[in-house]
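Enquirer: Dropping in query.cif, which is mmCIF, C-alpha atoms and all ligand atoms:
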```cif
data_coords
#
loop_
_atom_site.label_atom_id
_atom_site.label_comp_id
_atom_site.auth_asym_id
_atom_site.auth_seq_id
_atom_site.Cartn_x
_atom_site.Cartn_y
_atom_site.Cartn_z
CA MET A 6 53.60 -97.07 -10.21
CA THR A 7 55.24 -93.67 -10.45
CA SER A 8 53.53 -90.75 -8.85
CA HIS A 9 53.30 -89.30 -12.32
CA THR A 10 51.19 -92.19 -13.55
CA MET A 11 49.20 -92.11 -10.37
CA GLY A 12 48.48 -88.45 -10.98
CA LYS A 13 47.18 -89.21 -14.42
CA ILE A 14 44.86 -91.85 -13.12
CA VAL A 15 43.55 -89.57 -10.42
CA LEU A 16 42.94 -86.88 -13.00
CA ALA A 17 41.18 -89.30 -15.31
CA VAL A 18 38.89 -90.39 -12.51
CA LEU A 19 38.14 -86.80 -11.56
CA PHE A 20 37.48 -85.95 -15.16
CA ALA A 21 35.09 -88.85 -15.60
CA GLY A 22 33.40 -87.85 -12.36
CA VAL A 23 32.80 -84.36 -13.63
CA PHE A 24 31.27 -85.56 -16.84
CA TYR A 25 29.02 -88.16 -15.39
CA SER A 26 27.90 -86.40 -12.26
CA GLY A 27 25.05 -84.65 -14.07
CA GLU A 28 23.48 -87.96 -14.89
CA VAL A 29 24.63 -90.25 -12.15
CA ALA A 30 24.31 -88.02 -9.13
CA GLY A 31 20.64 -87.35 -9.71
CA ASP A 32 17.85 -88.72 -7.60
CA TYR A 33 17.45 -91.67 -9.84
CA GLY A 34 18.10 -95.31 -9.32
CA GLY A 35 20.39 -97.01 -11.79
CA GLY A 36 17.50 -98.57 -13.67
CA GLU A 37 16.09 -95.24 -14.73
CA LEU A 38 19.39 -93.73 -15.62
CA VAL A 39 19.26 -94.33 -19.34
CA SER A 40 15.97 -92.58 -19.84
CA THR A 41 16.47 -89.61 -17.51
CA VAL A 42 18.39 -87.57 -20.03
CA ALA A 43 16.48 -87.85 -23.26
CA GLU A 44 18.36 -87.21 -26.45
CA GLN A 45 17.50 -83.74 -27.66
CA ARG A 46 18.56 -82.51 -31.03
CA GLU A 47 20.94 -79.60 -31.18
CA PHE A 48 19.35 -76.17 -30.93
CA ASP A 49 18.95 -73.67 -33.81
CA TYR A 50 19.71 -70.28 -32.29
CA PHE A 51 20.32 -68.36 -29.07
CA ALA A 52 18.14 -65.89 -27.21
CA LEU A 53 20.00 -63.52 -24.93
CA ALA A 54 17.37 -62.70 -22.32
CA LEU A 55 17.78 -59.51 -20.32
CA GLN A 56 15.50 -58.38 -17.54
CA TRP A 57 14.50 -54.97 -16.26
CA PRO A 58 14.94 -55.31 -12.48
CA PRO A 59 12.33 -52.77 -11.29
CA THR A 60 9.66 -54.66 -13.23
CA TYR A 61 10.89 -58.11 -12.37
CA CYS A 62 11.20 -57.17 -8.71
CA SER A 63 7.63 -55.89 -8.55
CA LYS A 64 6.60 -59.50 -8.00
CA SER A 65 9.30 -60.29 -5.47
CA THR A 66 7.77 -61.10 -2.13
CA LYS A 67 10.56 -60.80 0.37
CA CYS A 68 14.10 -59.69 0.95
CA CYS A 69 17.20 -61.64 1.83
CA ALA A 70 20.94 -61.18 1.36
CA THR A 71 21.00 -62.81 -2.06
CA ASN A 72 18.04 -60.95 -3.54
CA GLY A 73 19.29 -58.27 -5.95
CA CYS A 74 15.89 -56.57 -5.66
CA CYS A 75 16.77 -55.50 -2.13
CA ARG A 76 19.92 -53.46 -2.55
CA GLY A 77 18.30 -50.09 -2.00
CA GLU A 78 20.39 -47.40 -3.66
CA ASN A 79 22.65 -50.05 -5.17
CA SER A 80 19.81 -51.82 -6.90
CA PRO A 81 20.59 -52.45 -10.57
CA SER A 82 19.54 -49.55 -12.79
CA VAL A 83 20.40 -51.28 -16.05
CA PHE A 84 19.03 -54.36 -17.76
CA THR A 85 20.60 -57.41 -16.16
CA ILE A 86 21.13 -60.85 -17.59
CA HIS A 87 18.46 -63.50 -17.32
CA GLY A 88 20.19 -66.10 -19.42
CA LEU A 89 21.47 -67.25 -22.77
CA TRP A 90 18.93 -69.75 -24.02
CA PRO A 91 19.23 -72.23 -26.85
CA ASP A 92 16.03 -72.33 -28.90
CA TYR A 93 14.54 -74.21 -31.82
CA ASN A 94 13.12 -72.44 -34.86
CA ASP A 95 9.68 -73.91 -34.15
CA GLY A 96 9.35 -71.93 -30.92
CA THR A 97 10.26 -74.76 -28.57
CA TRP A 98 13.58 -75.33 -26.83
CA PRO A 99 15.68 -78.08 -25.41
CA SER A 100 16.27 -78.12 -21.67
CA CYS A 101 18.21 -80.09 -19.10
CA CYS A 102 20.59 -81.65 -21.60
CA SER A 103 23.19 -84.09 -20.38
CA GLY A 104 26.18 -82.49 -18.74
CA PRO A 105 27.69 -81.83 -15.38
CA GLU A 106 25.62 -80.38 -12.58
CA PHE A 107 26.23 -76.79 -11.60
CA ASP A 108 29.46 -76.25 -9.67
CA ALA A 109 29.82 -72.84 -8.01
CA ASN A 110 33.60 -73.26 -7.95
CA GLU A 111 33.73 -73.21 -11.73
CA ILE A 112 32.55 -69.61 -11.83
CA SER A 113 33.94 -68.28 -8.54
CA THR A 114 36.21 -65.83 -10.37
CA LEU A 115 33.13 -64.34 -12.03
CA GLN A 116 31.17 -63.90 -8.82
CA ASP A 117 31.40 -60.10 -8.57
CA THR A 118 30.45 -59.69 -12.21
CA LEU A 119 27.55 -62.10 -11.82
CA ASP A 120 26.27 -60.34 -8.71
CA LYS A 121 26.34 -57.04 -10.53
CA TYR A 122 25.17 -57.91 -14.02
CA TRP A 123 23.51 -61.30 -13.63
CA PRO A 124 21.93 -60.90 -10.20
CA THR A 125 19.46 -63.25 -8.60
CA LEU A 126 16.22 -61.30 -8.27
CA SER A 127 14.54 -63.55 -5.75
CA CYS A 128 15.00 -65.23 -2.39
CA SER A 129 13.51 -68.49 -3.56
CA LYS A 130 15.62 -71.24 -4.93
CA SER A 131 15.19 -71.90 -8.61
CA SER A 132 14.29 -75.20 -10.18
CA THR A 133 17.25 -76.93 -11.72
CA CYS A 134 17.02 -80.27 -13.46
CA HIS A 135 15.91 -83.64 -12.16
CA ASN A 136 13.40 -82.09 -9.74
CA LYS A 137 16.03 -80.24 -7.78
CA LYS A 138 16.43 -76.67 -6.60
CA GLY A 139 19.44 -74.42 -6.61
CA VAL A 140 20.72 -70.92 -7.07
CA PHE A 141 19.62 -68.89 -10.11
CA TRP A 142 22.90 -69.61 -11.90
CA ALA A 143 22.45 -73.34 -11.35
CA HIS A 144 19.06 -73.07 -13.01
CA GLU A 145 20.46 -71.21 -16.01
CA TRP A 146 23.39 -73.59 -16.44
CA GLU A 147 21.56 -76.85 -15.98
CA LYS A 148 18.38 -76.01 -17.87
CA HIS A 149 19.88 -73.96 -20.68
CA GLY A 150 23.67 -73.96 -20.53
CA THR A 151 23.95 -77.72 -20.84
CA CYS A 152 21.94 -77.51 -24.09
CA ALA A 153 24.10 -74.64 -25.37
CA ALA A 154 27.23 -76.66 -24.67
CA PRO A 155 27.84 -77.81 -28.27
CA VAL A 156 28.56 -74.12 -28.99
CA THR A 157 29.43 -72.46 -25.69
CA GLY A 158 31.25 -75.34 -24.00
CA ASP A 159 31.56 -75.92 -20.29
CA GLU A 160 29.96 -74.05 -17.40
CA TYR A 161 32.62 -71.35 -17.13
CA ASN A 162 32.50 -70.75 -20.86
CA TYR A 163 28.71 -70.56 -20.86
CA PHE A 164 28.81 -67.78 -18.28
CA ILE A 165 31.72 -65.87 -19.80
CA THR A 166 30.19 -66.08 -23.29
CA THR A 167 26.93 -64.66 -21.99
CA ILE A 168 28.67 -61.89 -20.06
CA ASN A 169 30.71 -60.95 -23.13
CA LEU A 170 27.56 -60.68 -25.26
CA TYR A 171 25.94 -58.56 -22.57
CA PHE A 172 28.88 -56.16 -22.48
CA THR A 173 29.13 -56.00 -26.26
CA TYR A 174 25.48 -55.21 -26.96
CA ASN A 175 24.25 -52.65 -24.48
CA VAL A 176 20.48 -52.79 -24.60
CA THR A 177 20.21 -50.29 -21.75
CA GLY A 178 22.35 -47.81 -23.68
CA VAL A 179 20.37 -48.30 -26.90
CA LEU A 180 17.04 -47.67 -25.19
CA PHE A 181 18.21 -44.74 -23.08
CA GLU A 182 19.76 -43.05 -26.12
CA ALA A 183 16.51 -43.48 -28.03
CA GLY A 184 14.73 -41.66 -25.23
CA TYR A 185 13.27 -44.66 -23.47
CA VAL A 186 14.40 -43.73 -20.00
CA PRO A 187 13.06 -45.04 -16.70
CA SER A 188 10.01 -43.19 -15.50
CA ASN A 189 7.06 -43.88 -13.27
CA SER A 190 4.82 -41.55 -15.23
CA GLU A 191 5.72 -41.95 -18.92
CA LYS A 192 4.46 -44.68 -21.20
CA TYR A 193 6.22 -45.53 -24.42
CA PRO A 194 4.96 -47.16 -27.61
CA GLY A 195 6.04 -50.79 -27.58
CA GLY A 196 6.64 -50.55 -31.34
CA GLY A 197 9.09 -47.71 -30.74
CA ILE A 198 11.09 -49.79 -28.29
CA ILE A 199 11.23 -52.64 -30.78
CA SER A 200 12.28 -50.24 -33.58
CA ALA A 201 15.08 -48.79 -31.48
CA LEU A 202 16.45 -52.27 -30.88
CA GLU A 203 15.99 -53.22 -34.55
CA ASN A 204 17.89 -50.14 -35.64
CA ALA A 205 20.74 -50.98 -33.32
CA PHE A 206 21.01 -54.71 -33.99
CA HIS A 207 19.37 -55.12 -37.42
CA ALA A 208 17.15 -57.95 -36.23
CA THR A 209 13.78 -58.22 -34.55
CA PRO A 210 13.94 -58.69 -30.78
CA GLN A 211 11.23 -60.01 -28.51
CA ILE A 212 9.91 -57.89 -25.66
CA ILE A 213 7.91 -59.19 -22.73
CA CYS A 214 5.83 -57.14 -20.32
CA LEU A 215 4.38 -57.66 -16.88
CA ASN A 216 1.29 -55.62 -16.01
CA GLY A 217 2.08 -53.14 -18.77
CA ALA A 218 5.71 -52.67 -17.76
CA LEU A 219 8.67 -53.82 -19.82
CA GLU A 220 10.11 -56.82 -18.05
CA GLU A 221 12.38 -58.50 -20.53
CA VAL A 222 14.18 -57.90 -23.81
CA ARG A 223 15.42 -60.87 -25.80
CA LEU A 224 17.98 -60.52 -28.56
CA CYS A 225 18.41 -63.49 -30.86
CA LEU A 226 21.65 -64.71 -32.33
CA THR A 227 22.76 -67.44 -34.66
CA LYS A 228 25.09 -70.12 -33.40
CA ASP A 229 27.99 -68.07 -34.72
CA PHE A 230 26.74 -65.06 -32.79
CA LYS A 231 25.29 -62.95 -35.57
CA PHE A 232 22.00 -61.23 -34.95
CA ARG A 233 18.87 -62.80 -36.34
CA ASP A 234 15.15 -62.33 -35.75
CA CYS A 235 13.59 -63.87 -32.69
CA VAL A 236 10.84 -66.41 -33.28
CA GLY A 237 8.52 -65.78 -30.36
CA ALA A 238 5.96 -62.99 -30.49
CA SER A 239 6.40 -59.99 -28.24
CA ASP A 240 3.98 -59.81 -25.37
CA CYS A 241 3.37 -56.17 -24.47
CA PRO A 242 0.48 -53.72 -24.77
CA ASP A 243 0.64 -50.82 -27.25
CA TYR A 244 2.05 -48.51 -24.58
CA VAL A 245 4.46 -49.76 -21.98
CA SER A 246 6.21 -48.31 -18.99
CA LEU A 247 9.86 -48.62 -18.03
CA PRO A 248 9.52 -48.15 -14.30
CA GLU A 249 12.05 -46.62 -11.97
CA TRP A 250 12.63 -48.13 -8.59
CA ALA A 251 9.80 -47.07 -6.35
CA SER A 252 11.16 -45.13 -3.40
CA SER A 253 9.03 -47.05 -0.93
CA ASP A 254 10.41 -50.09 -2.52
CA SER A 255 9.96 -52.86 -4.76
CA ILE A 256 8.92 -55.73 -2.61
CA THR A 257 5.18 -55.46 -2.83
CA ALA A 258 3.18 -57.78 -4.97
CA ALA A 259 2.85 -61.44 -4.21
CA GLY A 260 4.59 -63.25 -6.97
CA ARG A 261 5.80 -66.37 -8.49
CA LEU A 262 9.33 -67.45 -8.97
CA PHE A 263 9.11 -67.11 -12.71
CA PRO A 264 6.60 -65.45 -14.98
CA SER A 265 4.16 -67.73 -16.68
CA HIS A 266 5.44 -67.03 -20.17
CA GLN A 267 8.57 -68.79 -19.20
CA SER A 268 7.40 -72.16 -18.09
CA PHE A 269 10.48 -74.23 -18.68
C1 LIG B 1 25.24 -49.48 -20.87
O1 LIG B 1 24.63 -48.24 -21.00
C2 LIG B 1 24.21 -47.68 -19.77
C3 LIG B 1 23.38 -46.45 -20.07
O2 LIG B 1 24.07 -45.58 -20.91
C4 LIG B 1 25.42 -47.42 -18.91
O3 LIG B 1 25.03 -46.88 -17.66
C5 LIG B 1 26.15 -48.73 -18.68
O4 LIG B 1 27.34 -48.51 -17.97
C6 LIG B 1 26.46 -49.42 -19.99
N1 LIG B 1 26.90 -50.77 -19.68
C7 LIG B 1 27.93 -51.32 -20.21
C8 LIG B 1 28.18 -52.73 -19.80
O5 LIG B 1 28.64 -50.75 -21.00
#
```
What is this structure when it is put down as structure tokens?
Ligand SMILES: *[C@@H]1O[C@H](CO)[C@@H](O)[C@H](O)[C@H]1NC(C)=O

Expert:
Amino acid sequence: MTSHTMGKIVLAVLFAGVFYSGEVAGDYGGGELVSTVAEQREFDYFALALQWPPTYCSKSTKCCATNGCCRGENSPSVFTIHGLWPDYNDGTWPSCCSGPEFDANEISTLQDTLDKYWPTLSCSKSSTCHNKKGVFWAHEWEKHGTCAAPVTGDEYNYFITTINLYFTYNVTGVLFEAGYVPSNSEKYPGGGIISALENAFHATPQIICLNGALEEVRLCLTKDFKFRDCVGASDCPDYVSLPEWASSDSITAAGRLFPSHQSF
């Protein structure tokens, strides 16, 4: 056997390993394997979910090196990425589709960008699929990215697609320009925030609040990345705040890993 042929075989084995690892390397015995990854029909549209760190971090309980809530003066002062989620038109969504498990090496070249614009806002590990835990990005890839794969492709492409959308459609810029600037004293009409986003993107977004503060903005896109209306109802009071970082700092309230409206 030539080394050339050998190389091809090695590559083929590696390739197969990558594609099966998501299913085979789980905690399951061989007998359960077939049923662990249920067939889920392909999704209908995307939601690009962006979070407002001062609100999200208000429920963070502790600090650690990886927690983007704890960067003091370098804490994010723009909306950051939560994820790009495939959704169905009926308000449900697929999750944990078949595909390779998260591999940090795949996105190592994006690490600085992810830390800055897609930061982990917690010290806790996130749930991934198959009753496992991992970093925030592992959660987003395994739960959502694998189901987006028919459109966005592999792990690297899932992350780069999401980052590109985030850079193209600057929700922070749209809201700031409309006068919705961070403040710990002002409250803004939720309808005004929605209108500002509708004017910019010509589609109805979804906004989510936590204790009266804007926590998340979701923009919805077709599978060919044109704006469309979101399906889910917004969940905010009539007047909402867009908090600044508190000087004393953000790690106060006891909190959960994820808000209840997002029970995957
Ligand atoms: C988005 O807009 C904000 C506010 O104007 C600005 O600080 C930020 O740099 C912009 N982000 C991108 C990715 O262009």

Enquirer: Which of these, A:Asn110, A:Ser82, A:Thr209, A:Thr173, has the shortest distance to Tyr161 in chain A once you count all atoms listed in the file?

Expert: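 So, comparing all the options, the nearest one is A:Asn110.
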
Enquirer: Given all atoms listed in the file as the basis, pick out the residue of A:Glu78, A:Asp159, A:Glu111, A:Glu182 nearest to ligand LIG 1 (chain B).

Expert: A:Glu182

Enquirer: Show me, as a Markdown table, the residues of chain A having an atom within 8 Å of ligand LIG 1 (chain B), each with the closest atom pair and its distance in Å, using all atoms listed in the file.

Expert:
```
| residue | atom | partner | partner_atom | distance |
| --- | --- | --- | --- | --- |
| A:Ser82 | CA | B:LIG1 | O3 | 7.8 |
| A:Val83 | CA | B:LIG1 | C2 | 6.4 |
| A:Tyr171 | CA | B:LIG1 | C8 | 6.8 |
| A:Phe172 | CA | B:LIG1 | C8 | 4.4 |
| A:Thr173 | CA | B:LIG1 | C8 | 7.3 |
| A:Asn175 | CA | B:LIG1 | C1 | 4.9 |
| A:Val176 | CA | B:LIG1 | C1 | 6.9 |
| A:Thr177 | CA | B:LIG1 | O1 | 4.9 |
| A:Gly178 | CA | B:LIG1 | O1 | 3.5 |
| A:Val179 | CA | B:LIG1 | O1 | 7.3 |
| A:Phe181 | CA | B:LIG1 | C3 | 6.2 |
| A:Glu182 | CA | B:LIG1 | O2 | 7.2 |
```

Enquirer: So, counting all atoms listed in the file, which residue among A:Ala201, A:Cys134, A:Cys152, A:Leu119 is closest to Tyr93 in chain A?

Expert: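 Selected residue with least distance to Tyr93 in chain A: A:Cys152.
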
Enquirer: How big is the axis-aligned box, and where does its centre sit, when it encloses all atoms of range 109-117 of chain A listed in the file and has 5 Å added on every side, reported in Å to one decimal as JSON?

Expert:
```
{"center_x": 33.0, "center_y": -66.7, "center_z": -10.0, "size_x": 16.4, "size_y": 23.2, "size_z": 14.1}
```

Enquirer: For a quick check of understanding, using only C-alpha atoms, which of A:Pro59, A:Asp92, A:Thr118, A:Val140 has the smallest distance to Gly77 in chain A?

Expert: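 Smallest distance to Gly77 in chain A is found for A:Pro59.
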
Enquirer: Starting from the point (10.6, -42.7, -21.9), work out which residues of protein, DNA or RNA have an atom no more than 12 Å away when counting all atoms listed in the file; state them as a count of residues only.

Expert: 26

Enquirer: Which value, in Å to one decimal, gives the distance between CA of Trp90 in chain A and CA of Ile112 in chain A?

Expert: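 These atoms are spaced 18.3 Å apart.
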
Enquirer: What separation in Å, quoted to one decimal, exists between CA of Asp234 in chain A and CA of Asp49 in chain A?

Expert: 12.1 Å

Enquirer: What's the separation between CA of Tyr174 in chain A and CA of Lys64 in chain A, in Å to one decimal place?

Expert: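 If I compute the distance from CA of Tyr174 in chain A to CA of Lys64 in chain A, I get 27.1 Å.
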
Enquirer: Could you pull the residues within 9 Å of His87 in chain A, counting all atoms listed in the file, minus those fewer than 6 positions along the same chain, as a list in words?

Expert: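 The filter keeps Leu53, Ala54, Leu55, Gln56, Trp123, Pro124, Thr125, Glu145 and Glu221 of chain A.
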
Enquirer: So, counting only C-alpha atoms, which residue among A:Ala238, A:Phe230, A:Cys128, A:Pro210 is closest to Cys69 in chain A?

Expert: A:Cys128

Enquirer: Which residues, protein or nucleic acid, reach to within 9 Å of (14.6, -55.1, -9.4) in the file's coordinates when using all atoms listed in the file, and can you give that as a list in words?

Expert: Gln56, Trp57, Pro58, Pro59, Thr60, Tyr61, Cys62, Ser63, Ser65, Asn72, Gly73, Cys74, Cys75, Arg76, Ser80, Pro81, Ser82, Leu126, Trp250, Ser255 and Ile256 of chain A

Enquirer: Under the rule that all atoms listed in the file are counted, which of A:His135, A:Lys231, A:Lys130, A:Lys67 is the nearest residue to Phe51 in chain A?

Expert: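 Checking each of A:His135, A:Lys231, A:Lys130, A:Lys67 against Phe51 in chain A, counting all atoms listed in the file, the winner is A:Lys231.
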